[in-house]
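Peer 1: Structure file protein_24.cif (mmCIF, C-alpha atoms) right here:
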```
data_data
loop_
_atom_site.label_atom_id
_atom_site.label_comp_id
_atom_site.auth_asym_id
_atom_site.auth_seq_id
_atom_site.Cartn_x
_atom_site.Cartn_y
_atom_site.Cartn_z
CA MET F 1 0.00 0.00 0.00
CA THR F 2 1.35 3.46 -0.94
CA HIS F 3 1.57 5.89 1.97
CA ALA F 4 0.33 9.49 1.54
CA THR F 5 2.80 12.35 2.27
CA THR F 6 2.41 16.07 3.07
CA ASP F 7 3.21 18.84 0.59
CA ARG F 8 6.19 20.58 2.30
CA THR F 9 5.93 23.63 0.05
CA THR F 10 2.42 24.62 1.12
CA GLY F 11 2.41 24.41 4.89
CA PRO F 12 4.22 23.52 8.04
CA PRO F 13 5.33 20.01 8.80
CA SER F 14 2.80 17.65 10.29
CA PRO F 15 2.99 17.28 14.05
CA GLY F 16 5.98 15.23 15.07
CA GLN F 17 7.77 15.59 11.74
CA GLY F 18 10.00 18.53 12.62
CA GLY F 19 12.26 19.19 9.66
CA ASP F 20 13.25 15.60 9.02
CA PRO F 21 12.13 14.45 5.57
CA ALA F 22 12.12 10.88 6.87
CA ALA F 23 9.43 11.86 9.30
CA ASP F 24 7.36 13.23 6.46
CA VAL F 25 5.43 9.98 6.20
CA ARG F 26 2.02 9.97 7.86
CA ARG F 27 0.76 6.91 9.82
CA PRO F 28 -1.47 4.91 7.47
CA ARG F 29 -5.14 4.87 8.38
CA ARG F 30 -6.85 1.48 8.73
CA PRO F 31 -9.48 1.19 6.01
CA ARG F 32 -13.02 1.09 7.37
CA ARG F 33 -13.65 -1.98 5.26
CA THR F 34 -11.22 -3.97 7.43
CA THR F 35 -13.11 -2.99 10.58
CA ALA F 36 -16.35 -4.12 8.99
CA LEU F 37 -14.78 -7.43 7.99
CA VAL F 38 -13.56 -8.04 11.54
CA ALA F 39 -17.00 -7.27 12.96
CA GLY F 40 -18.62 -9.55 10.42
CA GLY F 41 -16.19 -12.33 11.28
CA LEU F 42 -17.05 -12.04 14.95
CA VAL F 43 -20.74 -12.35 14.12
CA VAL F 44 -20.08 -15.51 12.10
CA LEU F 45 -17.89 -16.93 14.87
CA LEU F 46 -20.48 -16.25 17.54
CA ALA F 47 -23.18 -17.82 15.38
CA ALA F 48 -21.02 -20.90 14.85
CA LEU F 49 -20.35 -21.18 18.58
CA GLY F 50 -24.07 -20.88 19.26
CA THR F 51 -24.84 -23.65 16.78
CA TRP F 52 -22.14 -25.85 18.32
CA TRP F 53 -23.53 -25.33 21.81
CA TRP F 54 -27.10 -25.99 20.68
CA THR F 55 -26.23 -29.23 18.90
CA THR F 56 -23.68 -30.67 21.32
CA GLN F 57 -24.33 -29.21 24.75
CA ARG F 58 -28.04 -28.68 24.99
CA TRP F 59 -29.00 -31.89 26.87
CA GLN F 60 -27.44 -32.65 30.24
CA THR F 61 -27.91 -36.14 31.67
CA GLU F 62 -29.57 -36.15 35.08
CA TRP F 63 -30.05 -39.90 35.45
CA ARG F 64 -29.20 -42.93 33.31
CA ASP F 65 -29.07 -46.72 33.34
CA ASP F 66 -27.25 -48.68 30.63
CA PHE F 67 -27.97 -52.07 32.23
CA ASP F 68 -24.35 -53.18 32.21
CA ALA F 69 -24.52 -56.01 34.73
CA SER F 70 -23.99 -59.75 34.88
CA ALA F 71 -26.46 -62.12 33.24
CA GLY F 72 -29.34 -63.11 35.49
CA SER F 73 -28.90 -60.25 37.95
CA LEU F 74 -31.86 -58.15 38.99
CA PRO F 75 -32.13 -54.42 38.17
CA SER F 76 -30.00 -52.08 40.28
CA GLN F 77 -31.15 -50.45 43.50
CA ASP F 78 -32.23 -47.45 41.41
CA TRP F 79 -35.31 -49.51 40.55
CA ILE F 80 -38.23 -51.03 42.46
CA VAL F 81 -39.27 -54.45 41.14
CA ASP F 82 -43.05 -54.69 41.29
CA THR F 83 -44.61 -58.04 42.20
CA GLY F 84 -48.11 -59.46 42.30
CA THR F 85 -51.26 -58.33 40.55
CA GLN F 86 -51.84 -54.89 42.11
CA TYR F 87 -50.42 -52.18 44.33
CA PRO F 88 -51.45 -52.63 47.97
CA GLY F 89 -54.78 -50.86 48.17
CA GLY F 90 -54.82 -50.28 44.42
CA ALA F 91 -57.05 -51.55 41.65
CA PRO F 92 -56.90 -55.30 40.92
CA ASN F 93 -55.09 -56.48 37.80
CA TRP F 94 -53.17 -53.18 37.89
CA GLY F 95 -56.33 -51.37 36.86
CA THR F 96 -56.20 -52.58 33.25
CA GLY F 97 -57.52 -56.14 33.34
CA GLU F 98 -54.10 -57.61 32.48
CA ILE F 99 -53.82 -61.24 33.55
CA GLN F 100 -50.15 -61.85 34.38
CA THR F 101 -48.51 -61.85 37.80
CA TYR F 102 -45.35 -59.75 38.08
CA THR F 103 -42.39 -61.43 39.78
CA ASP F 104 -38.82 -60.70 40.87
CA ASP F 105 -37.60 -63.87 39.17
CA PRO F 106 -34.66 -63.11 36.82
CA ALA F 107 -36.42 -65.32 34.31
CA ASN F 108 -39.01 -62.54 34.06
CA VAL F 109 -36.94 -59.42 34.79
CA GLY F 110 -33.14 -59.31 34.80
CA HIS F 111 -29.99 -58.40 32.91
CA ASP F 112 -28.93 -60.48 29.93
CA GLY F 113 -25.18 -59.86 30.40
CA ASP F 114 -24.92 -58.06 27.05
CA GLY F 115 -25.90 -54.59 28.25
CA HIS F 116 -29.67 -55.02 28.23
CA LEU F 117 -32.51 -55.38 30.67
CA ARG F 118 -34.71 -58.29 29.64
CA ILE F 119 -38.41 -58.41 30.57
CA THR F 120 -39.86 -61.77 29.54
CA PRO F 121 -43.44 -63.03 29.84
CA THR F 122 -43.54 -66.75 30.63
CA VAL F 123 -46.15 -69.39 31.36
CA ASP F 124 -45.73 -71.60 34.42
CA ALA F 125 -46.64 -75.26 34.83
CA SER F 126 -50.23 -74.41 35.70
CA GLY F 127 -50.65 -72.26 32.58
CA ALA F 128 -50.51 -68.93 34.43
CA TRP F 129 -48.71 -66.00 32.88
CA ARG F 130 -45.82 -64.29 34.68
CA SER F 131 -43.86 -61.21 33.64
CA GLY F 132 -41.82 -58.23 34.89
CA ARG F 133 -42.41 -54.62 35.81
CA ILE F 134 -40.01 -52.09 37.34
CA GLU F 135 -40.20 -48.43 38.34
CA THR F 136 -37.58 -45.90 39.38
CA ARG F 137 -37.20 -45.09 43.07
CA ARG F 138 -36.90 -41.45 42.14
CA THR F 139 -40.18 -39.62 41.66
CA ASP F 140 -38.85 -36.12 40.98
CA PHE F 141 -38.15 -36.14 37.26
CA ALA F 142 -39.60 -32.80 36.11
CA ALA F 143 -38.92 -29.95 33.73
CA GLU F 144 -37.86 -26.76 35.45
CA PRO F 145 -39.81 -23.55 34.69
CA GLY F 146 -38.33 -22.21 31.47
CA GLY F 147 -36.60 -25.52 30.71
CA GLU F 148 -37.14 -28.91 29.11
CA LEU F 149 -36.98 -32.52 30.23
CA ARG F 150 -36.39 -35.46 27.91
CA VAL F 151 -37.05 -39.06 28.96
CA THR F 152 -35.76 -41.56 26.44
CA SER F 153 -35.06 -45.25 26.02
CA ARG F 154 -33.65 -47.54 23.36
CA ILE F 155 -35.86 -50.61 23.22
CA LYS F 156 -36.53 -53.72 21.18
CA VAL F 157 -40.16 -54.64 21.81
CA PRO F 158 -41.25 -58.29 22.05
CA ASP F 159 -42.71 -60.26 19.15
CA GLY F 160 -44.94 -62.58 21.16
CA GLY F 161 -48.10 -61.74 19.26
CA GLN F 162 -51.68 -61.42 20.44
CA GLY F 163 -52.08 -60.24 24.03
CA TYR F 164 -48.58 -58.82 24.53
CA TRP F 165 -48.49 -55.24 25.82
CA ALA F 166 -45.04 -53.59 26.07
CA ALA F 167 -44.74 -50.22 27.77
CA PHE F 168 -42.25 -47.48 28.71
CA TRP F 169 -44.06 -44.79 30.68
CA MET F 170 -44.26 -42.38 33.62
CA LEU F 171 -46.62 -41.85 36.53
CA GLY F 172 -47.02 -38.67 38.56
CA GLU F 173 -45.37 -38.50 41.97
CA GLY F 174 -48.75 -38.16 43.64
CA PHE F 175 -49.61 -41.70 42.60
CA ARG F 176 -46.98 -43.04 45.02
CA GLU F 177 -48.87 -41.36 47.83
CA ASN F 178 -52.33 -42.37 46.65
CA VAL F 179 -52.53 -45.35 44.30
CA THR F 180 -56.16 -44.59 43.52
CA ASP F 181 -55.37 -41.10 42.19
CA TRP F 182 -55.63 -42.05 38.53
CA PRO F 183 -55.76 -40.40 36.07
CA GLY F 184 -55.65 -37.11 37.97
CA ALA F 185 -52.03 -37.55 39.16
CA GLY F 186 -50.90 -37.80 35.53
CA GLU F 187 -49.63 -40.62 33.34
CA VAL F 188 -47.39 -40.20 30.28
CA ASP F 189 -47.12 -43.28 28.08
CA ILE F 190 -43.95 -42.82 26.04
CA LEU F 191 -44.18 -46.17 24.29
CA GLU F 192 -46.98 -48.68 24.12
CA VAL F 193 -46.93 -51.47 21.54
CA ILE F 194 -49.54 -54.23 21.55
CA GLY F 195 -49.13 -57.61 19.89
CA ARG F 196 -51.92 -57.28 17.36
CA LYS F 197 -50.50 -53.96 16.07
CA PRO F 198 -46.77 -54.73 15.79
CA THR F 199 -45.95 -51.84 13.45
CA THR F 200 -47.43 -49.04 15.59
CA VAL F 201 -46.21 -47.14 18.65
CA HIS F 202 -48.72 -45.24 20.77
CA GLY F 203 -48.06 -42.19 22.98
CA THR F 204 -50.62 -40.85 25.45
CA LEU F 205 -51.24 -38.37 28.25
CA HIS F 206 -53.77 -39.52 30.85
CA CYS F 207 -55.21 -36.81 33.12
CA GLY F 208 -58.38 -35.36 34.58
CA THR F 209 -61.14 -37.77 35.56
CA ALA F 210 -62.41 -41.12 34.31
CA PRO F 211 -64.45 -42.05 32.48
CA GLY F 212 -64.65 -39.18 30.05
CA GLY F 213 -63.53 -35.85 31.46
CA PRO F 214 -61.34 -33.27 29.74
CA CYS F 215 -58.75 -35.88 28.74
CA SER F 216 -61.19 -38.31 27.07
CA GLU F 217 -60.51 -41.15 29.49
CA THR F 218 -59.92 -43.99 29.47
CA ASP F 219 -58.40 -43.51 26.01
CA GLY F 220 -56.54 -40.36 27.04
CA LEU F 221 -55.03 -37.76 24.72
CA ALA F 222 -53.38 -40.22 22.38
CA GLY F 223 -51.34 -40.26 19.19
CA ALA F 224 -49.66 -42.99 17.19
CA ARG F 225 -47.01 -43.61 14.54
CA SER F 226 -46.89 -46.62 12.25
CA VAL F 227 -43.68 -47.68 10.55
CA PRO F 228 -44.16 -46.60 6.90
CA ASP F 229 -42.77 -49.76 5.29
CA GLY F 230 -44.72 -52.11 7.54
CA THR F 231 -41.65 -53.35 9.42
CA HIS F 232 -42.48 -54.74 12.84
CA LEU F 233 -41.02 -52.66 15.64
CA SER F 234 -39.82 -55.91 17.22
CA GLU F 235 -37.33 -56.43 14.40
CA GLY F 236 -34.79 -54.01 15.90
CA PHE F 237 -33.99 -51.43 18.54
CA HIS F 238 -35.69 -48.04 18.30
CA ASP F 239 -35.40 -44.81 20.26
CA TYR F 240 -38.55 -43.74 22.08
CA ALA F 241 -38.72 -40.36 23.79
CA VAL F 242 -40.97 -37.73 25.28
CA VAL F 243 -39.96 -34.07 25.76
CA TRP F 244 -41.69 -31.94 28.36
CA ASP F 245 -41.21 -28.34 27.20
CA ARG F 246 -41.79 -25.45 29.62
CA THR F 247 -39.91 -22.77 27.65
CA GLY F 248 -42.98 -20.93 26.39
CA ALA F 249 -46.20 -19.54 27.72
CA THR F 250 -47.89 -22.75 26.55
CA GLU F 251 -46.27 -25.95 27.84
CA GLU F 252 -45.98 -29.02 25.61
CA LEU F 253 -45.44 -32.75 25.77
CA ARG F 254 -43.94 -34.08 22.53
CA TRP F 255 -43.49 -37.74 21.56
CA TYR F 256 -40.76 -39.05 19.25
CA LEU F 257 -39.94 -42.31 17.47
CA ASP F 258 -36.31 -42.44 16.34
CA GLY F 259 -36.14 -38.66 16.59
CA ASP F 260 -39.28 -38.05 14.51
CA LEU F 261 -42.08 -36.13 16.20
CA PHE F 262 -45.42 -37.96 16.04
CA HIS F 263 -47.63 -36.50 18.77
CA THR F 264 -48.01 -33.28 20.78
CA VAL F 265 -50.26 -32.34 23.71
CA ARG F 266 -50.30 -28.72 24.88
CA SER F 267 -51.33 -27.26 28.20
CA SER F 268 -53.95 -25.25 26.33
CA ASP F 269 -55.66 -28.51 25.30
CA VAL F 270 -57.07 -29.05 28.81
CA PRO F 271 -58.21 -26.80 31.67
CA ALA F 272 -55.29 -25.18 33.50
CA ALA F 273 -56.12 -26.91 36.79
CA VAL F 274 -56.09 -30.34 35.10
CA TRP F 275 -52.70 -29.70 33.51
CA GLU F 276 -51.26 -28.42 36.77
CA ARG F 277 -52.48 -31.43 38.70
CA ALA F 278 -51.07 -33.85 36.13
CA THR F 279 -47.68 -32.14 35.67
CA GLY F 280 -47.25 -29.94 38.73
CA ARG F 281 -45.01 -32.48 40.47
CA GLY F 282 -42.33 -34.91 39.36
CA PHE F 283 -42.71 -38.28 37.67
CA PHE F 284 -41.26 -41.76 38.08
CA VAL F 285 -40.39 -44.02 35.14
CA LEU F 286 -41.72 -47.54 34.50
CA LEU F 287 -40.96 -50.44 32.16
CA ASN F 288 -43.12 -53.54 31.83
CA VAL F 289 -44.61 -56.18 29.57
CA ALA F 290 -48.23 -57.02 30.42
CA ILE F 291 -50.35 -59.83 29.03
CA GLY F 292 -53.99 -59.30 28.20
CA GLY F 293 -56.19 -56.48 29.35
CA GLY F 294 -59.02 -54.54 27.80
CA TRP F 295 -56.95 -52.90 25.09
CA PRO F 296 -54.68 -55.65 23.69
CA GLY F 297 -57.18 -58.42 24.38
CA PRO F 298 -56.35 -61.85 25.84
CA PRO F 299 -53.65 -64.18 24.53
CA ASP F 300 -54.81 -66.95 22.22
CA GLY F 301 -53.44 -70.00 20.47
CA THR F 302 -51.08 -67.86 18.40
CA THR F 303 -49.44 -66.16 21.40
CA THR F 304 -45.85 -67.22 22.06
CA PRO F 305 -44.50 -67.05 25.63
CA GLY F 306 -40.84 -66.32 26.32
CA ARG F 307 -40.45 -63.41 23.91
CA PRO F 308 -38.57 -60.63 25.77
CA MET F 309 -38.54 -56.87 25.60
CA LEU F 310 -34.89 -55.78 25.54
CA VAL F 311 -34.01 -52.37 27.00
CA ASP F 312 -30.60 -51.02 26.04
CA SER F 313 -30.76 -47.81 28.07
CA VAL F 314 -33.00 -45.35 29.86
CA ALA F 315 -31.99 -41.71 30.29
CA VAL F 316 -33.48 -38.59 31.83
CA GLU F 317 -31.97 -35.37 30.45
CA ARG F 318 -32.65 -31.70 30.88
CA ARG F 319 -31.70 -28.34 29.44
#
```
Give the structure from the file, written as structure tokens.
Peer 2:
Amino acid sequence: MTHATTDRTTGPPSPGQGGDPAADVRRPRRPRRTTALVAGGLVVLLAALGTWWWTTQRWQTEWRDDFDASAGSLPSQDWIVDTGTQYPGGAPNWGTGEIQTYTDDPANVGHDGDGHLRITPTVDASGAWRSGRIETRRTDFAAEPGGELRVTSRIKVPDGGQGYWAAFWMLGEGFRENVTDWPGAGEVDILEVIGRKPTTVHGTLHCGTAPGGPCSETDGLAGARSVPDGTHLSEGFHDYAVVWDRTGATEELRWYLDGDLFHTVRSSDVPAAVWERATGRGFFVLLNVAIGGGWPGPPDGTTTPGRPMLVDSVAVERR
């Protein structure tokens, strides 16, 4: 770049030059274009950093189980293993008409030694069905005001056929205190797959009163996603998730299959008091495989015992 110089014949030297011709060179001025380029670069850099944070740092794990334990061992102490046919004082047949008895036998609920929890319905010598059901000891999984909570699991559902009912779900904390407080305490079914509909996952919010009420019980506020090519969900592992979003004036519950949104329920869909009662406290997480009940129907001659649900991981994350 060529430097500009003063005209020594038309005026005094510039300040600091004195009479030295070598000092006759003025300090070059930084072009304004360079300043603009620097500012623009900072904007791009900040945008890139924001994108990086959003895509890599947005979810923080609060709780997780990867089921890395020896074959035949029961779930860790983070879980309660349910047994029998009802909660003490609760509705018989777990309130759904399902016919199995839940046990703490590793043949029905235990690790497979390959990083999975295995829940397996079986038939005993008398012809009675047995299966497994577990729930987290923690009951405080909740989205903070202005934040989000994601509850997710990687699961291979069973392929036992008619009468099987696989589920990954949550119940409101209040249900631990009063096992008859359904559906008011809140239930979020993240995954339900029944044997006669092996290509479809169902997601539901149960709330309000039953039957009927603002949440259309006992069906609840439900949505579903069927695999487009007709592949049975039991043919592989899939990611099932619900996101509880409290970042806006209207709260949302959103359901996902392999990252694809398939169902949304908003707080504006029900009276404010119903939403608050169903979501105003924390939740606990459950996994089970039931047999029979009013929705899937009873097993029949085509039903195959011994077909497990495999759970690779369960995670609770927030941002």
Peer 1: Considering only C-alpha atoms, state which residue in the set F:Thr250, F:Ser131, F:Thr231, F:Thr85 is at the smallest distance from Gly97 of chain F.
Peer 2: F:Thr85
Peer 1: Counting all atoms listed in the file, which of F:Ala273, F:Met309, F:Ala185, F:Leu117 gets nearest to Ala69 of chain F?
Peer 2: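 Using all atoms listed in the file, Ala69 of chain F sits closest to F:Leu117.
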Peer 1: Apply the PyMOL selection byres ((chain F and resi 295) around 10) to the file shown and report the selected residues as a VMD selection string.
Peer 2: chain F and resid 96 to 98 163 165 194 219 292 to 294 296 to 298
Peer 1: What residues come out when you apply the PyMOL selection byres ((chain F and resi 232) around 6) to this file, written as a list in words?
Peer 2: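 The output of the PyMOL selection byres ((chain F and resi 232) around 6) on this file is Pro198, Thr199, Thr231, Leu233, Ser234 and Glu235 of chain F.
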Peer 1: Taking the file as shown, find all residues satisfying the PyMOL selection byres ((chain F and resi 101-115) around 7) and write them as a list in words.
Peer 2: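 With the PyMOL selection byres ((chain F and resi 101-115) around 7) on this model, the match is Asp66, Phe67, Asp68, Ala69, Ser70, Ala71, Gly72, Ser73, Leu74, Pro75, Val81, Asp82, Thr83, Gly84, Thr85, Ile99, Gln100, His116, Leu117, Arg118, Ile119, Thr120, Pro121, Trp129, Arg130, Ser131, Gly132, Arg133 and Asp312 of chain F.
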Peer 1: Can you list, as an mmCIF file with C-alpha atoms, in the frame of the given file, every protein, DNA or RNA residue that comes within 9 Å of Gly89 of chain F when you count all atoms listed in the file, leaving out same-chain residues fewer than 2 positions away?
Peer 2:
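Written out: part.cif:
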```cif
data_model
loop_
_atom_site.group_PDB
_atom_site.id
_atom_site.type_symbol
_atom_site.label_atom_id
_atom_site.label_comp_id
_atom_site.auth_asym_id
_atom_site.auth_seq_id
_atom_site.Cartn_x
_atom_site.Cartn_y
_atom_site.Cartn_z
ATOM 1 C CA GLN F 86 -51.840 -54.890 42.110
ATOM 2 C CA TYR F 87 -50.420 -52.180 44.330
ATOM 3 C CA ALA F 91 -57.050 -51.550 41.650
ATOM 4 C CA PRO F 92 -56.900 -55.300 40.920
ATOM 5 C CA ASN F 178 -52.330 -42.370 46.650
ATOM 6 C CA VAL F 179 -52.530 -45.350 44.300
ATOM 7 C CA THR F 180 -56.160 -44.590 43.520
#
```
Peer 1: Which residues are close to Phe284 of chain F, i.e. within 8 Å by only C-alpha atoms, leaving aside same-chain residues fewer than 3 positions away? Reply as a count of residues only.
Peer 2: 11
Peer 1: Could you add whatever atoms are missing so that segment 91-111 of chain F carries N, CA and C atoms, then write the result as an mmCIF file, in the coordinates of the input?
Peer 2:
```
data_model
loop_
_atom_site.group_PDB
_atom_site.id
_atom_site.type_symbol
_atom_site.label_atom_id
_atom_site.label_comp_id
_atom_site.auth_asym_id
_atom_site.auth_seq_id
_atom_site.Cartn_x
_atom_site.Cartn_y
_atom_site.Cartn_z
ATOM 1 N N ALA F 91 -56.093 -50.798 42.454
ATOM 2 C CA ALA F 91 -57.050 -51.550 41.650
ATOM 3 C C ALA F 91 -56.503 -52.931 41.308
ATOM 4 N N PRO F 92 -57.358 -53.968 41.297
ATOM 5 C CA PRO F 92 -56.900 -55.300 40.920
ATOM 6 C C PRO F 92 -56.462 -55.344 39.460
ATOM 7 N N ASN F 93 -55.603 -56.316 39.165
ATOM 8 C CA ASN F 93 -55.090 -56.480 37.800
ATOM 9 C C ASN F 93 -54.485 -55.193 37.269
ATOM 10 N N TRP F 94 -53.856 -54.438 38.204
ATOM 11 C CA TRP F 94 -53.170 -53.180 37.890
ATOM 12 C C TRP F 94 -54.073 -52.163 37.207
ATOM 13 N N GLY F 95 -55.389 -52.348 37.371
ATOM 14 C CA GLY F 95 -56.330 -51.370 36.860
ATOM 15 C C GLY F 95 -56.624 -51.478 35.377
ATOM 16 N N THR F 96 -56.036 -52.477 34.696
ATOM 17 C CA THR F 96 -56.200 -52.580 33.250
ATOM 18 C C THR F 96 -56.846 -53.886 32.798
ATOM 19 N N GLY F 97 -57.005 -54.834 33.716
ATOM 20 C CA GLY F 97 -57.520 -56.140 33.340
ATOM 21 C C GLY F 97 -56.448 -57.105 32.858
ATOM 22 N N GLU F 98 -55.178 -56.697 32.907
ATOM 23 C CA GLU F 98 -54.100 -57.610 32.480
ATOM 24 C C GLU F 98 -54.091 -58.839 33.378
ATOM 25 N N ILE F 99 -53.618 -59.969 32.856
ATOM 26 C CA ILE F 99 -53.820 -61.240 33.550
ATOM 27 C C ILE F 99 -52.550 -61.824 34.165
ATOM 28 N N GLN F 100 -51.384 -61.281 33.872
ATOM 29 C CA GLN F 100 -50.150 -61.850 34.380
ATOM 30 C C GLN F 100 -49.913 -61.478 35.839
ATOM 31 N N THR F 101 -49.032 -62.209 36.489
ATOM 32 C CA THR F 101 -48.510 -61.850 37.800
ATOM 33 C C THR F 101 -47.077 -61.394 37.614
ATOM 34 N N TYR F 102 -46.724 -60.228 38.161
ATOM 35 C CA TYR F 102 -45.350 -59.750 38.080
ATOM 36 C C TYR F 102 -44.516 -60.417 39.177
ATOM 37 N N THR F 103 -43.263 -60.744 38.841
ATOM 38 C CA THR F 103 -42.390 -61.430 39.780
ATOM 39 C C THR F 103 -41.033 -60.731 39.828
ATOM 40 N N ASP F 104 -40.211 -61.146 40.818
ATOM 41 C CA ASP F 104 -38.820 -60.700 40.870
ATOM 42 C C ASP F 104 -37.881 -61.831 40.475
ATOM 43 N N ASP F 105 -38.393 -62.761 39.702
ATOM 44 C CA ASP F 105 -37.600 -63.870 39.170
ATOM 45 C C ASP F 105 -36.792 -63.350 37.981
ATOM 46 N N PRO F 106 -35.459 -63.554 37.970
ATOM 47 C CA PRO F 106 -34.660 -63.110 36.820
ATOM 48 C C PRO F 106 -35.127 -63.692 35.493
ATOM 49 N N ALA F 107 -35.876 -64.778 35.550
ATOM 50 C CA ALA F 107 -36.420 -65.320 34.310
ATOM 51 C C ALA F 107 -37.451 -64.371 33.702
ATOM 52 N N ASN F 108 -38.031 -63.518 34.543
ATOM 53 C CA ASN F 108 -39.010 -62.540 34.060
ATOM 54 C C ASN F 108 -38.449 -61.131 33.958
ATOM 55 N N VAL F 109 -37.514 -60.763 34.848
ATOM 56 C CA VAL F 109 -36.940 -59.420 34.790
ATOM 57 C C VAL F 109 -35.501 -59.484 35.303
ATOM 58 N N GLY F 110 -34.547 -59.260 34.413
ATOM 59 C CA GLY F 110 -33.140 -59.310 34.800
ATOM 60 C C GLY F 110 -32.243 -58.919 33.646
ATOM 61 N N HIS F 111 -30.964 -58.747 33.941
ATOM 62 C CA HIS F 111 -29.990 -58.400 32.910
ATOM 63 C C HIS F 111 -29.635 -59.615 32.064
#
```
